[in-house]
Structures are given as C-alpha cells and as structure tokens.
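Below is structure.cif, which holds mmCIF, C-alpha atoms.
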```cif
data_run
#
loop_
_atom_site.label_atom_id
_atom_site.label_comp_id
_atom_site.auth_asym_id
_atom_site.auth_seq_id
_atom_site.Cartn_x
_atom_site.Cartn_y
_atom_site.Cartn_z
CA MET X 1 -98.72 -136.34 -50.99
CA LYS X 2 -97.67 -132.92 -49.66
CA LYS X 3 -98.65 -133.98 -46.15
CA ILE X 4 -96.52 -137.11 -46.46
CA LEU X 5 -93.59 -135.10 -47.80
CA CYS X 6 -93.87 -132.57 -44.96
CA PHE X 7 -93.96 -135.40 -42.44
CA VAL X 8 -90.83 -136.99 -43.92
CA LEU X 9 -88.98 -133.65 -43.92
CA ALA X 10 -89.99 -132.99 -40.34
CA ALA X 11 -88.82 -136.43 -39.28
CA ALA X 12 -85.52 -135.93 -41.08
CA MET X 13 -85.00 -132.60 -39.33
CA ALA X 14 -85.74 -134.19 -35.98
CA LEU X 15 -83.23 -136.94 -36.62
CA SER X 16 -80.66 -134.39 -37.72
CA LEU X 17 -81.14 -132.40 -34.52
CA ALA X 18 -80.90 -135.57 -32.46
CA ALA X 19 -77.62 -136.46 -34.15
CA CYS X 20 -76.27 -132.98 -33.42
CA GLY X 21 -77.29 -133.35 -29.80
CA ASN X 22 -75.16 -136.47 -29.57
CA GLY X 23 -72.18 -134.92 -31.38
CA SER X 24 -68.97 -133.37 -30.07
CA ASN X 25 -70.97 -131.40 -27.54
CA GLY X 26 -73.04 -134.39 -26.45
CA ASN X 27 -74.43 -134.23 -22.95
CA ALA X 28 -72.23 -135.82 -20.29
CA SER X 29 -75.30 -136.18 -18.10
CA ASP X 30 -79.03 -136.04 -18.70
CA GLY X 31 -79.63 -135.11 -15.08
CA ASN X 32 -79.96 -138.72 -13.97
CA THR X 33 -76.77 -140.25 -15.37
CA ILE X 34 -73.05 -139.54 -15.65
CA LYS X 35 -71.38 -140.93 -18.76
CA VAL X 36 -68.04 -142.69 -18.28
CA GLY X 37 -66.08 -144.20 -21.16
CA VAL X 38 -64.42 -147.61 -21.06
CA ILE X 39 -61.85 -148.37 -23.79
CA ALA X 40 -60.61 -151.97 -23.81
CA ASN X 41 -59.34 -154.51 -26.33
CA THR X 42 -62.08 -157.08 -25.94
CA THR X 43 -61.30 -158.74 -29.29
CA GLY X 44 -58.06 -159.43 -31.14
CA ASP X 45 -54.63 -160.31 -29.80
CA SER X 46 -54.21 -160.02 -26.01
CA SER X 47 -57.98 -159.63 -25.57
CA GLN X 48 -57.74 -161.64 -22.35
CA TYR X 49 -56.36 -158.49 -20.72
CA GLY X 50 -59.02 -156.21 -22.14
CA ILE X 51 -61.93 -158.45 -21.23
CA ALA X 52 -60.64 -158.78 -17.66
CA VAL X 53 -60.18 -155.02 -17.18
CA SER X 54 -63.54 -154.20 -18.76
CA GLN X 55 -65.43 -156.71 -16.64
CA GLY X 56 -63.69 -155.61 -13.46
CA ALA X 57 -64.50 -151.94 -14.11
CA LYS X 58 -68.12 -152.65 -14.99
CA LEU X 59 -68.56 -154.78 -11.87
CA TYR X 60 -67.58 -151.85 -9.64
CA ILE X 61 -69.86 -149.47 -11.53
CA LYS X 62 -72.77 -151.90 -11.30
CA GLN X 63 -72.28 -152.22 -7.56
CA LEU X 64 -72.07 -148.44 -7.19
CA ASN X 65 -75.27 -147.94 -9.20
CA GLU X 66 -77.08 -150.54 -7.08
CA GLU X 67 -76.06 -148.54 -4.00
CA GLY X 68 -77.60 -145.38 -5.45
CA GLY X 69 -74.86 -144.14 -7.76
CA ILE X 70 -73.22 -140.77 -7.26
CA ASN X 71 -75.28 -137.92 -5.89
CA GLY X 72 -78.38 -139.85 -6.90
CA LYS X 73 -77.16 -140.24 -10.48
CA GLN X 74 -76.43 -143.54 -12.20
CA ILE X 75 -73.13 -144.12 -14.01
CA GLU X 76 -73.75 -144.88 -17.69
CA VAL X 77 -70.92 -146.87 -19.27
CA VAL X 78 -70.05 -146.01 -22.88
CA GLU X 79 -67.73 -148.78 -24.07
CA TYR X 80 -65.75 -149.28 -27.26
CA ASP X 81 -63.42 -152.11 -28.31
CA ASP X 82 -60.07 -150.81 -29.58
CA LYS X 83 -58.94 -154.29 -30.78
CA GLY X 84 -55.48 -153.53 -29.39
CA ALA X 85 -54.81 -151.06 -32.24
CA THR X 86 -53.79 -147.43 -31.69
CA ALA X 87 -55.91 -146.06 -34.53
CA ASP X 88 -59.00 -147.84 -33.18
CA ALA X 89 -58.22 -146.57 -29.67
CA VAL X 90 -58.10 -142.96 -30.87
CA ASN X 91 -61.31 -143.44 -32.86
CA ALA X 92 -62.95 -144.93 -29.78
CA TYR X 93 -62.02 -141.87 -27.73
CA GLU X 94 -63.29 -139.45 -30.38
CA ARG X 95 -66.60 -141.35 -30.52
CA MET X 96 -66.83 -141.23 -26.74
CA LYS X 97 -66.42 -137.47 -26.80
CA SER X 98 -69.29 -137.32 -29.26
CA ASP X 99 -71.29 -139.54 -26.91
CA GLY X 100 -70.67 -137.00 -24.14
CA VAL X 101 -68.44 -138.87 -21.69
CA THR X 102 -66.93 -136.86 -18.88
CA ALA X 103 -64.15 -139.31 -17.91
CA VAL X 104 -62.34 -142.27 -19.47
CA ILE X 105 -61.24 -145.61 -18.03
CA GLY X 106 -58.68 -147.13 -20.41
CA ALA X 107 -57.06 -148.12 -22.52
CA VAL X 108 -55.55 -151.47 -21.50
CA LEU X 109 -52.36 -152.07 -23.48
CA THR X 110 -49.49 -149.59 -23.28
CA ASN X 111 -49.47 -148.57 -26.96
CA THR X 112 -53.21 -147.91 -27.13
CA THR X 113 -53.20 -146.06 -23.81
CA LEU X 114 -50.41 -143.79 -25.00
CA ALA X 115 -52.36 -142.99 -28.18
CA VAL X 116 -55.45 -142.09 -26.15
CA ALA X 117 -53.43 -140.16 -23.55
CA ASP X 118 -52.12 -137.82 -26.25
CA LYS X 119 -55.72 -136.89 -27.05
CA THR X 120 -57.09 -136.69 -23.51
CA TYR X 121 -54.16 -134.46 -22.52
CA GLU X 122 -55.18 -131.98 -25.20
CA ASP X 123 -58.77 -132.00 -23.91
CA ASN X 124 -57.91 -132.18 -20.18
CA MET X 125 -60.19 -135.21 -20.03
CA PRO X 126 -59.82 -137.26 -16.81
CA GLN X 127 -58.30 -140.63 -17.73
CA ILE X 128 -57.18 -143.64 -15.73
CA THR X 129 -55.67 -146.85 -17.06
CA ALA X 130 -55.86 -150.03 -15.06
CA SER X 131 -52.90 -151.71 -16.69
CA ALA X 132 -50.67 -149.58 -18.96
CA THR X 133 -47.35 -149.55 -17.16
CA ALA X 134 -45.02 -147.47 -19.38
CA ALA X 135 -43.66 -144.40 -17.58
CA SER X 136 -44.48 -142.31 -20.67
CA VAL X 137 -48.22 -142.76 -20.10
CA THR X 138 -48.15 -139.98 -17.49
CA VAL X 139 -44.81 -138.31 -18.28
CA LEU X 140 -44.25 -136.92 -21.77
CA ASP X 141 -40.51 -137.70 -21.70
CA PRO X 142 -39.43 -139.98 -18.84
CA THR X 143 -35.75 -139.40 -19.73
CA ASP X 144 -36.09 -135.68 -18.97
CA GLU X 145 -36.44 -134.87 -15.28
CA ASN X 146 -38.05 -131.55 -16.24
CA SER X 147 -40.58 -133.13 -18.60
CA ASP X 148 -44.21 -132.06 -18.48
CA ILE X 149 -46.64 -134.38 -16.73
CA ARG X 150 -49.92 -135.44 -18.28
CA THR X 151 -51.74 -134.03 -15.28
CA ASN X 152 -55.07 -135.57 -16.38
CA VAL X 153 -53.81 -139.16 -16.74
CA PHE X 154 -53.52 -141.65 -13.86
CA ARG X 155 -52.99 -145.39 -13.47
CA ALA X 156 -54.01 -148.11 -11.02
CA CYS X 157 -50.96 -150.30 -11.76
CA PHE X 158 -47.30 -149.71 -11.01
CA ILE X 159 -44.92 -148.64 -13.79
CA ASP X 160 -42.48 -150.62 -15.93
CA PRO X 161 -39.24 -149.34 -14.32
CA PHE X 162 -40.64 -150.13 -10.86
CA GLN X 163 -41.34 -153.77 -11.63
CA GLY X 164 -38.14 -154.23 -13.64
CA GLU X 165 -36.09 -152.94 -10.72
CA LYS X 166 -38.10 -155.00 -8.23
CA MET X 167 -37.44 -158.22 -10.12
CA ALA X 168 -33.71 -157.47 -10.39
CA GLU X 169 -33.62 -156.98 -6.63
CA TYR X 170 -35.54 -160.22 -6.23
CA ALA X 171 -33.08 -162.03 -8.49
CA GLN X 172 -30.33 -160.82 -6.14
CA LYS X 173 -32.34 -162.14 -3.20
CA LEU X 174 -32.51 -165.50 -4.98
CA GLY X 175 -28.71 -165.50 -5.19
CA ALA X 176 -28.33 -164.79 -8.90
CA THR X 177 -24.95 -163.61 -10.21
CA LYS X 178 -25.80 -163.91 -13.93
CA CYS X 179 -29.13 -163.05 -15.57
CA ALA X 180 -30.50 -162.51 -19.06
CA VAL X 181 -33.33 -160.50 -20.59
CA LEU X 182 -35.30 -161.68 -23.62
CA TYR X 183 -37.93 -159.24 -24.83
CA ASP X 184 -39.95 -157.95 -27.76
CA SER X 185 -37.86 -154.89 -28.67
CA GLY X 186 -40.79 -153.33 -30.50
CA ASN X 187 -43.11 -153.43 -27.50
CA ASP X 188 -43.01 -150.44 -25.13
CA TYR X 189 -44.10 -152.51 -22.14
CA ALA X 190 -41.60 -155.33 -22.65
CA LYS X 191 -38.70 -152.98 -23.38
CA GLY X 192 -39.51 -150.71 -20.44
CA VAL X 193 -39.51 -153.58 -17.93
CA GLY X 194 -36.53 -155.34 -19.51
CA ASP X 195 -34.30 -152.28 -19.74
CA ALA X 196 -35.04 -151.33 -16.12
CA PHE X 197 -34.23 -154.89 -15.04
CA ALA X 198 -30.90 -154.85 -16.89
CA ALA X 199 -29.93 -151.44 -15.54
CA LYS X 200 -30.70 -152.49 -11.97
CA CYS X 201 -28.74 -155.72 -12.43
CA GLU X 202 -25.70 -153.69 -13.47
CA GLU X 203 -26.14 -151.49 -10.40
CA LEU X 204 -26.35 -154.57 -8.18
CA GLY X 205 -23.30 -156.24 -9.74
CA ILE X 206 -25.28 -158.93 -11.55
CA GLU X 207 -23.98 -159.76 -15.03
CA CYS X 208 -26.84 -159.39 -17.52
CA THR X 209 -27.17 -160.46 -21.18
CA ILE X 210 -29.82 -158.70 -23.28
CA GLU X 211 -31.51 -160.36 -26.27
CA GLY X 212 -34.32 -158.84 -28.31
CA TYR X 213 -36.69 -160.03 -31.01
CA ALA X 214 -39.17 -158.47 -33.45
CA THR X 215 -42.87 -158.31 -32.76
CA GLY X 216 -44.56 -161.33 -34.25
CA ASP X 217 -41.51 -163.62 -34.10
CA LYS X 218 -42.23 -167.23 -33.16
CA ASP X 219 -38.74 -168.75 -33.26
CA PHE X 220 -36.43 -167.73 -30.40
CA LYS X 221 -33.79 -170.44 -30.75
CA ALA X 222 -30.95 -168.06 -31.74
CA GLN X 223 -31.53 -165.75 -28.77
CA LEU X 224 -31.90 -168.69 -26.39
CA THR X 225 -28.65 -170.21 -27.68
CA ASN X 226 -26.83 -167.01 -26.73
CA ILE X 227 -28.52 -166.93 -23.34
CA LYS X 228 -27.59 -170.54 -22.65
CA ALA X 229 -23.95 -169.77 -23.49
CA SER X 230 -23.99 -166.81 -21.07
CA GLY X 231 -24.61 -169.10 -18.11
CA ALA X 232 -27.60 -167.05 -16.93
CA GLU X 233 -29.22 -168.46 -13.80
CA TYR X 234 -32.45 -166.50 -14.36
CA ILE X 235 -34.07 -165.21 -17.55
CA MET X 236 -36.24 -162.12 -17.34
CA CYS X 237 -39.03 -162.48 -19.92
CA PRO X 238 -41.26 -159.38 -19.63
CA ASN X 239 -43.52 -160.15 -22.57
CA TYR X 240 -47.18 -160.86 -23.23
CA LEU X 241 -48.48 -164.32 -22.51
CA GLU X 242 -48.44 -165.88 -25.98
CA ASP X 243 -44.75 -165.06 -26.41
CA VAL X 244 -43.88 -166.17 -22.88
CA GLY X 245 -45.41 -169.58 -23.52
CA LEU X 246 -43.39 -170.08 -26.72
CA ILE X 247 -40.14 -168.84 -25.18
CA VAL X 248 -40.37 -171.01 -22.07
CA ARG X 249 -41.19 -174.12 -24.11
CA GLN X 250 -38.36 -173.53 -26.60
CA ALA X 251 -35.92 -172.85 -23.75
CA ARG X 252 -36.71 -176.17 -22.12
CA GLU X 253 -36.42 -177.94 -25.48
CA GLN X 254 -32.88 -176.55 -25.72
CA GLY X 255 -32.06 -177.92 -22.29
CA ILE X 256 -32.02 -174.55 -20.55
CA THR X 257 -32.70 -175.09 -16.86
CA ALA X 258 -32.44 -171.44 -15.74
CA GLY X 259 -35.36 -170.05 -13.79
CA PHE X 260 -37.72 -167.60 -15.47
CA LEU X 261 -38.76 -164.19 -14.13
CA GLY X 262 -41.65 -162.05 -15.35
CA GLY X 263 -43.52 -158.81 -14.94
CA ASP X 264 -47.20 -158.23 -14.29
CA GLY X 265 -48.04 -159.30 -17.85
CA TRP X 266 -47.45 -162.86 -16.64
CA SER X 267 -50.75 -162.98 -14.79
CA GLY X 268 -52.55 -166.00 -16.27
CA VAL X 269 -49.35 -167.47 -17.75
CA THR X 270 -50.21 -171.02 -16.64
CA ALA X 271 -52.65 -171.23 -19.55
CA TYR X 272 -49.82 -170.72 -22.06
CA ALA X 273 -47.06 -173.09 -20.95
CA SER X 274 -46.91 -176.41 -19.15
CA ALA X 275 -46.72 -176.61 -15.38
CA GLU X 276 -43.45 -178.52 -15.69
CA ASP X 277 -41.80 -175.88 -17.90
CA LEU X 278 -42.94 -173.02 -15.66
CA GLU X 279 -42.23 -174.69 -12.32
CA GLY X 280 -40.35 -172.39 -9.95
CA SER X 281 -40.74 -169.24 -12.08
CA TYR X 282 -41.31 -165.94 -10.26
CA PHE X 283 -43.16 -162.83 -11.38
CA CYS X 284 -44.41 -159.64 -9.81
CA SER X 285 -48.05 -158.71 -9.86
CA GLY X 286 -50.35 -155.92 -8.83
CA TYR X 287 -52.69 -158.43 -7.20
CA ALA X 288 -52.50 -161.95 -5.78
CA LEU X 289 -55.48 -164.17 -6.56
CA GLY X 290 -57.12 -165.36 -3.37
CA SER X 291 -56.21 -162.27 -1.38
CA ASN X 292 -59.67 -160.62 -1.52
CA ALA X 293 -62.51 -163.12 -1.18
CA GLU X 294 -65.29 -160.51 -1.25
CA PHE X 295 -64.20 -159.14 -4.63
CA GLU X 296 -63.55 -162.56 -6.15
CA GLU X 297 -66.90 -163.95 -5.01
CA ALA X 298 -68.75 -160.92 -6.41
CA TYR X 299 -66.88 -161.25 -9.71
CA ALA X 300 -67.67 -164.96 -9.94
CA ALA X 301 -71.34 -164.29 -9.21
CA GLU X 302 -71.51 -161.64 -11.95
CA TYR X 303 -69.56 -163.43 -14.70
CA LYS X 304 -70.07 -167.10 -13.75
CA GLU X 305 -66.34 -167.67 -13.40
CA ALA X 306 -63.66 -166.64 -10.93
CA PRO X 307 -61.04 -164.00 -11.81
CA LYS X 308 -58.13 -165.57 -13.66
CA GLN X 309 -55.48 -162.89 -13.24
CA MET X 310 -54.75 -159.50 -11.67
CA PHE X 311 -56.40 -157.48 -14.45
CA GLU X 312 -59.96 -157.98 -13.24
CA ALA X 313 -58.98 -156.49 -9.87
CA LEU X 314 -57.05 -153.61 -11.44
CA GLY X 315 -60.05 -152.79 -13.66
CA TYR X 316 -62.24 -152.75 -10.56
CA ASP X 317 -59.85 -150.40 -8.77
CA ALA X 318 -59.51 -148.10 -11.78
CA ALA X 319 -63.29 -147.63 -11.79
CA LEU X 320 -63.32 -147.14 -8.02
CA LEU X 321 -60.67 -144.41 -8.24
CA MET X 322 -62.40 -142.60 -11.09
CA CYS X 323 -65.83 -142.75 -9.50
CA ASN X 324 -64.44 -141.57 -6.18
CA ALA X 325 -63.08 -138.50 -8.00
CA LEU X 326 -66.38 -137.98 -9.83
CA LYS X 327 -68.10 -137.74 -6.44
CA SER X 328 -66.05 -134.67 -5.63
CA ALA X 329 -67.12 -132.87 -8.80
CA GLU X 330 -70.75 -133.83 -8.17
CA GLU X 331 -70.62 -132.57 -4.59
CA GLN X 332 -69.52 -129.18 -5.92
CA GLY X 333 -72.65 -128.99 -8.07
CA LEU X 334 -70.68 -128.63 -11.30
CA GLU X 335 -72.11 -129.44 -14.72
CA ALA X 336 -70.96 -132.86 -15.89
CA GLY X 337 -68.68 -132.53 -18.92
CA SER X 338 -67.83 -128.88 -18.36
CA ASP X 339 -64.19 -127.78 -18.14
CA GLU X 340 -64.68 -126.98 -14.45
CA TYR X 341 -66.14 -130.44 -13.82
CA LYS X 342 -63.25 -132.22 -15.54
CA GLN X 343 -60.69 -130.22 -13.60
CA ALA X 344 -62.47 -130.98 -10.34
CA VAL X 345 -62.30 -134.71 -11.15
CA ILE X 346 -58.57 -134.44 -11.92
CA ASP X 347 -57.92 -132.47 -8.73
CA ALA X 348 -59.81 -135.03 -6.65
CA MET X 349 -57.92 -137.91 -8.24
CA LYS X 350 -54.61 -136.21 -7.48
CA ALA X 351 -55.69 -135.68 -3.85
CA THR X 352 -56.52 -139.39 -3.36
CA ASN X 353 -54.95 -140.46 -0.09
CA GLY X 354 -55.43 -143.81 1.59
CA LEU X 355 -58.35 -144.99 -0.56
CA GLU X 356 -58.73 -148.72 0.05
CA GLY X 357 -59.03 -150.78 -3.14
CA VAL X 358 -58.88 -154.46 -4.00
CA THR X 359 -55.21 -154.31 -5.07
CA GLY X 360 -53.97 -152.04 -2.30
CA THR X 361 -54.34 -148.68 -0.58
CA PHE X 362 -54.05 -145.82 -3.06
CA SER X 363 -52.25 -142.52 -3.05
CA PHE X 364 -50.49 -140.95 -6.05
CA ASP X 365 -46.96 -139.62 -6.48
CA ASP X 366 -46.01 -136.46 -8.35
CA GLN X 367 -46.18 -138.33 -11.67
CA ASN X 368 -49.68 -139.74 -11.06
CA ASN X 369 -48.41 -143.25 -10.33
CA PRO X 370 -49.91 -145.19 -7.42
CA ILE X 371 -47.84 -145.68 -4.30
CA LYS X 372 -48.17 -149.35 -3.34
CA SER X 373 -46.10 -152.53 -3.01
CA ALA X 374 -45.77 -155.41 -5.50
CA SER X 375 -46.82 -159.00 -4.90
CA ILE X 376 -44.28 -161.70 -5.76
CA LEU X 377 -45.84 -164.90 -7.06
CA GLN X 378 -44.26 -168.24 -7.93
CA ILE X 379 -45.51 -170.98 -10.25
CA GLN X 380 -45.90 -174.11 -8.16
CA GLY X 381 -47.56 -177.19 -9.63
CA GLY X 382 -49.22 -175.12 -12.33
CA GLU X 383 -50.65 -172.62 -9.84
CA GLU X 384 -49.75 -168.97 -9.23
CA VAL X 385 -48.86 -168.96 -5.53
CA PHE X 386 -48.39 -165.77 -3.52
CA VAL X 387 -44.91 -165.63 -1.93
CA GLU X 388 -44.60 -162.18 -0.36
CA ASN X 389 -45.09 -158.44 -0.81
CA PHE X 390 -41.70 -157.07 -1.79
#
```
Could you render the structure as structure tokens?
Amino acid sequence: MKKILCFVLAAAMALSLAACGNGSNGNASDGNTIKVGVIANTTGDSSQYGIAVSQGAKLYIKQLNEEGGINGKQIEVVEYDDKGATADAVNAYERMKSDGVTAVIGAVLTNTTLAVADKTYEDNMPQITASATAASVTVLDPTDENSDIRTNVFRACFIDPFQGEKMAEYAQKLGATKCAVLYDSGNDYAKGVGDAFAAKCEELGIECTIEGYATGDKDFKAQLTNIKASGAEYIMCPNYLEDVGLIVRQAREQGITAGFLGGDGWSGVTAYASAEDLEGSYFCSGYALGSNAEFEEAYAAEYKEAPKQMFEALGYDAALLMCNALKSAEEQGLEAGSDEYKQAVIDAMKATNGLEGVTGTFSFDDQNNPIKSASILQIQGGEEVFVENF
C-alpha cells in the first residue's frame, strides 16, 4: 500500500512539474520547433473571416515546414478560437503565453484584435493581424498626431481611413455628386471606414448623408427612407456581410436604385444578397480572386475548395511576414521567447522592404501599416470581377 501511495505521489509531482513547465514561462522552442500563436474566430458570428484567415496562415506555415522550416526548426502552430468576443480573445492570448508562443498572428476582427493588442503591447510580443483595419490597432490614439505607436503590432491589410478615402475618390471617378453612408455605429471597423468616406466626400465637394444603426439591428427601413429622400447616387455600406445582405435587399424593396459601395469586408458578399440586387456594386479589396493562381491552387489542394474571398490570401501573407521576421531572430542565434528574440522579430518586421506576398509587395510605414495599393472589384452577374488597382 505504501509503495502504491509513493507511486501516486511521485506521479502527481511529475504532473505538477510538467504543468509548471507549460505555464507562463513555457518554452517557446524545444530546440526543434518555434511556437507561433494563431487567434481567429473560427466559430460564432463572422466566422467565415476567421476560418479563411486561419487556413491561409496555416497553409503558409505548412509549406514553410515542408521546405525545412526556419533554421532547421519547424513552426508549431498554437491556435485558439476567440469566437469573435474580446474576452475570449484576451483569454486566448494569455493561454498562448502559457503555451510558450514567441509571436502571434491575429486576431481577425477589429474589436478582438484591439483587445489582444493592448496585452501584446505590454509584453512587447510580436503581433500581426491579417485583417483588422482600424487605425487604432497600431496607434494608441489616431486623433493625436503625437500618439504612441504600438511598435510590436503590424498588419497585412490596409487601414479603415485608407479604404474609406479610396472609395470616396472612386465615387467621384464614377461621377457621383451625392452619396450616403449607412453603417453599424457600434462597430469600430464600419464607423472607421464610413467616417473616412464621409470626410473625403466633403473634401471632394460630394454631398454626403450619414445614417447609423445599432449592432444587431435587422430593420433598416427608416434609415433607407432618409437616404432615398437625399437623392444619393451611391450608398457606402462598410459593414459585415450579414448586414450588407439585409441592407441591399431592403433598399431594393424600397425601390432604391442607387449603386452600393463597400470596403474590404465585402469580400464574399455574393453569398449574402442576390446577384440582381448587387449588380454594379463596387468595393475595394486587399486581394482580387484569380490574380495568383499558384496560391489559389495550393489552397484548393489543401482544403478541397478554392479561396472564396481575400481573407485566405491575407492570412497567408500575415504568416509569411511573421515567419520572415522570425528568420532574422533565428539567424542571430537568440533564444526563442526571450525579450531579445521578440525585439529582433519586431525590428525585422519593421525593416521589411519589398517582400513579395500574395496580396502585394510589402513595406511598412511609420505606423506599421503596409504600403500597397487597393484592388477595386465590381459585382457583375453575381461574380466579384477585378476592375483596376486604384
């Protein structure tokens, strides 16, 4: 009996030590692997974005590992689903730290990415988001030109003000004199794009009506009535896909014939509204489907279906950028997970210059935003058709 008891106690101690070894000071590398975290909303609302980003990122990492990894080490992905909720995103990051990650790819949505960025900034943890477009992801206060920069946080996508301004300029190119904005006023992404669009319209001499709604609303008839009365020729609708589908359908039911404009959140919109209702709509995107056959064929081979939107490609590029920076830290012989290692990764990311990705050639500005053009797409016959880089 004593022998059995001693054995049980010994086993319990071993398990306790093992748990401590995988705690807040967990190893970022066991000598043969480098742990990289992926935070994505793969379930819940808007999971189509999270799944796409996650699969794109993991495809790049798989390809890299098959080519020998980094410095002979394999990249080990530590992934958690944040369900699109800020609390879950923060918990995911804290668990990743316990798992010993040395860099983070994610999150996907703007609100969850901001929540994680607050934490990674405190830890100086290298972070890149494929898709969170709010200016505040990398700049603590975008309204203050002297605001501190989250020097550890980068993105593969362009920012909300950029695409809002681009679409206002494109509306001018289309000959618009009156426009409207209809957005979820409680969503950082939608408001950021919409406000930038409206401000640029004012600068360009385009009359612009702004209508907002609360998150979760399903009836937009009142806002659309006001927009119809304004005589808007184009309606900027910088919202997530489910809302876009409802808004476009209700607009057509009210007899509104104005064209619709969108931001990069429109990628995949043809699954949420009819081809007839969407016909002629324009939106800007970080990637045009069909523009990189090698990537799309590899993605289809891995996941048994072709990419559906830009987010798969942006996830792929986010992983490429992070792993390229990890190479620099590895080449310096630094210990994965150490403060020196993390800083070396951040410095290498900042120094990125002319790195060729799927969605463009990457360099970063002084606020850690990528310098690249936007693709303008139009809905034609239910298809997202590339028009031009603008």
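Here, the PyMOL selection byres ((chain X and resi 345) around 6) matches X:Ala325, X:Leu326, X:Ala329, X:Lys342, X:Gln343, X:Ala344, X:Ile346, X:Asp347, X:Ala348.
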Enumerate, as number ranges by chain, the protein, DNA and RNA residues whose atoms approach (-40.1, -151.4, -15.7) to within 7 Å, taking into account only C-alpha atoms and the coordinate frame of the file. X: 159-165, 192-194, 196-197
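Nearest to Glu388 in chain X of all the residues X:Thr86, X:Ser291, X:Thr352, X:Ser363 is X:Ser291, counting only C-alpha atoms.
The shortest atom-to-atom distance to Thr112 in chain X, with all atoms listed in the file taken into account, belongs to X:Ser131 out of X:Thr33, X:Asn368, X:Ser267, X:Ser131.
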Could you list, as an mmCIF file with C-alpha atoms, keeping the file's coordinate frame, every residue matched by the PyMOL selection byres ((chain X and resi 139-144) around 10) in this structure?
```
data_model
loop_
_atom_site.group_PDB
_atom_site.id
_atom_site.type_symbol
_atom_site.label_atom_id
_atom_site.label_comp_id
_atom_site.auth_asym_id
_atom_site.auth_seq_id
_atom_site.Cartn_x
_atom_site.Cartn_y
_atom_site.Cartn_z
ATOM 1 C CA LEU X 114 -50.410 -143.790 -25.000
ATOM 2 C CA ALA X 117 -53.430 -140.160 -23.550
ATOM 3 C CA ASP X 118 -52.120 -137.820 -26.250
ATOM 4 C CA ALA X 134 -45.020 -147.470 -19.380
ATOM 5 C CA ALA X 135 -43.660 -144.400 -17.580
ATOM 6 C CA SER X 136 -44.480 -142.310 -20.670
ATOM 7 C CA VAL X 137 -48.220 -142.760 -20.100
ATOM 8 C CA THR X 138 -48.150 -139.980 -17.490
ATOM 9 C CA GLU X 145 -36.440 -134.870 -15.280
ATOM 10 C CA ASN X 146 -38.050 -131.550 -16.240
ATOM 11 C CA SER X 147 -40.580 -133.130 -18.600
ATOM 12 C CA ASP X 148 -44.210 -132.060 -18.480
ATOM 13 C CA ILE X 149 -46.640 -134.380 -16.730
ATOM 14 C CA ARG X 150 -49.920 -135.440 -18.280
ATOM 15 C CA THR X 151 -51.740 -134.030 -15.280
ATOM 16 C CA VAL X 153 -53.810 -139.160 -16.740
ATOM 17 C CA GLN X 367 -46.180 -138.330 -11.670
ATOM 18 C CA ASN X 368 -49.680 -139.740 -11.060
#
```
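In this structure, CA of Ser375 in chain X sits 20.8 Å away from CA of Thr110 in chain X.
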Work out how far CA of Asp339 in chain X is from CA of Ile61 in chain X, in Å to one decimal. 23.4 Å
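Across X:Asn32, X:Asn226, X:Ser185, X:Ser46, the tightest approach to Asn65 in chain X is made by X:Asn32 when counting all atoms listed in the file.
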One decimal place gives the CA of Phe220 in chain X-CA of Ala232 in chain X separation as 16.1 Å
Starting from the structure just given, write a file holding range 255-260 of chain X with all heavy atoms, as an mmCIF file, in the first residue's frame.
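Dumped to result-v5.cif:
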```cif
data_model
loop_
_atom_site.group_PDB
_atom_site.id
_atom_site.type_symbol
_atom_site.label_atom_id
_atom_site.label_comp_id
_atom_site.auth_asym_id
_atom_site.auth_seq_id
_atom_site.Cartn_x
_atom_site.Cartn_y
_atom_site.Cartn_z
ATOM 1 N N GLY X 255 -37.371 50.341 -53.562
ATOM 2 C CA GLY X 255 -37.247 50.996 -54.858
ATOM 3 C C GLY X 255 -36.017 51.865 -55.008
ATOM 4 O O GLY X 255 -35.940 52.688 -55.928
ATOM 5 N N ILE X 256 -35.052 51.696 -54.132
ATOM 6 C CA ILE X 256 -33.802 52.463 -54.229
ATOM 7 C C ILE X 256 -32.932 51.853 -55.322
ATOM 8 O O ILE X 256 -32.599 50.665 -55.267
ATOM 9 C CB ILE X 256 -33.055 52.471 -52.877
ATOM 10 C CG1 ILE X 256 -33.875 53.235 -51.836
ATOM 11 C CG2 ILE X 256 -31.667 53.090 -53.023
ATOM 12 C CD1 ILE X 256 -33.305 53.180 -50.428
ATOM 13 N N THR X 257 -32.567 52.659 -56.288
ATOM 14 C CA THR X 257 -31.759 52.168 -57.414
ATOM 15 C C THR X 257 -30.304 52.614 -57.335
ATOM 16 O O THR X 257 -29.509 52.293 -58.222
ATOM 17 C CB THR X 257 -32.360 52.660 -58.739
ATOM 18 O OG1 THR X 257 -32.396 54.100 -58.744
ATOM 19 C CG2 THR X 257 -33.765 52.121 -58.943
ATOM 20 N N ALA X 258 -29.944 53.367 -56.300
ATOM 21 C CA ALA X 258 -28.567 53.847 -56.144
ATOM 22 C C ALA X 258 -27.595 52.676 -56.129
ATOM 23 O O ALA X 258 -27.924 51.568 -55.688
ATOM 24 C CB ALA X 258 -28.443 54.647 -54.847
ATOM 25 N N GLY X 259 -26.388 52.933 -56.604
ATOM 26 C CA GLY X 259 -25.351 51.911 -56.549
ATOM 27 C C GLY X 259 -24.810 51.767 -55.129
ATOM 28 O O GLY X 259 -24.882 52.716 -54.334
ATOM 29 N N PHE X 260 -24.306 50.586 -54.821
ATOM 30 C CA PHE X 260 -23.718 50.362 -53.498
ATOM 31 C C PHE X 260 -22.194 50.324 -53.596
ATOM 32 O O PHE X 260 -21.629 49.847 -54.594
ATOM 33 C CB PHE X 260 -24.234 49.064 -52.885
ATOM 34 C CG PHE X 260 -25.516 49.232 -52.126
ATOM 35 C CD1 PHE X 260 -26.743 49.096 -52.759
ATOM 36 C CD2 PHE X 260 -25.492 49.550 -50.771
ATOM 37 C CE1 PHE X 260 -27.932 49.271 -52.062
ATOM 38 C CE2 PHE X 260 -26.678 49.717 -50.057
ATOM 39 C CZ PHE X 260 -27.899 49.575 -50.701
#
```
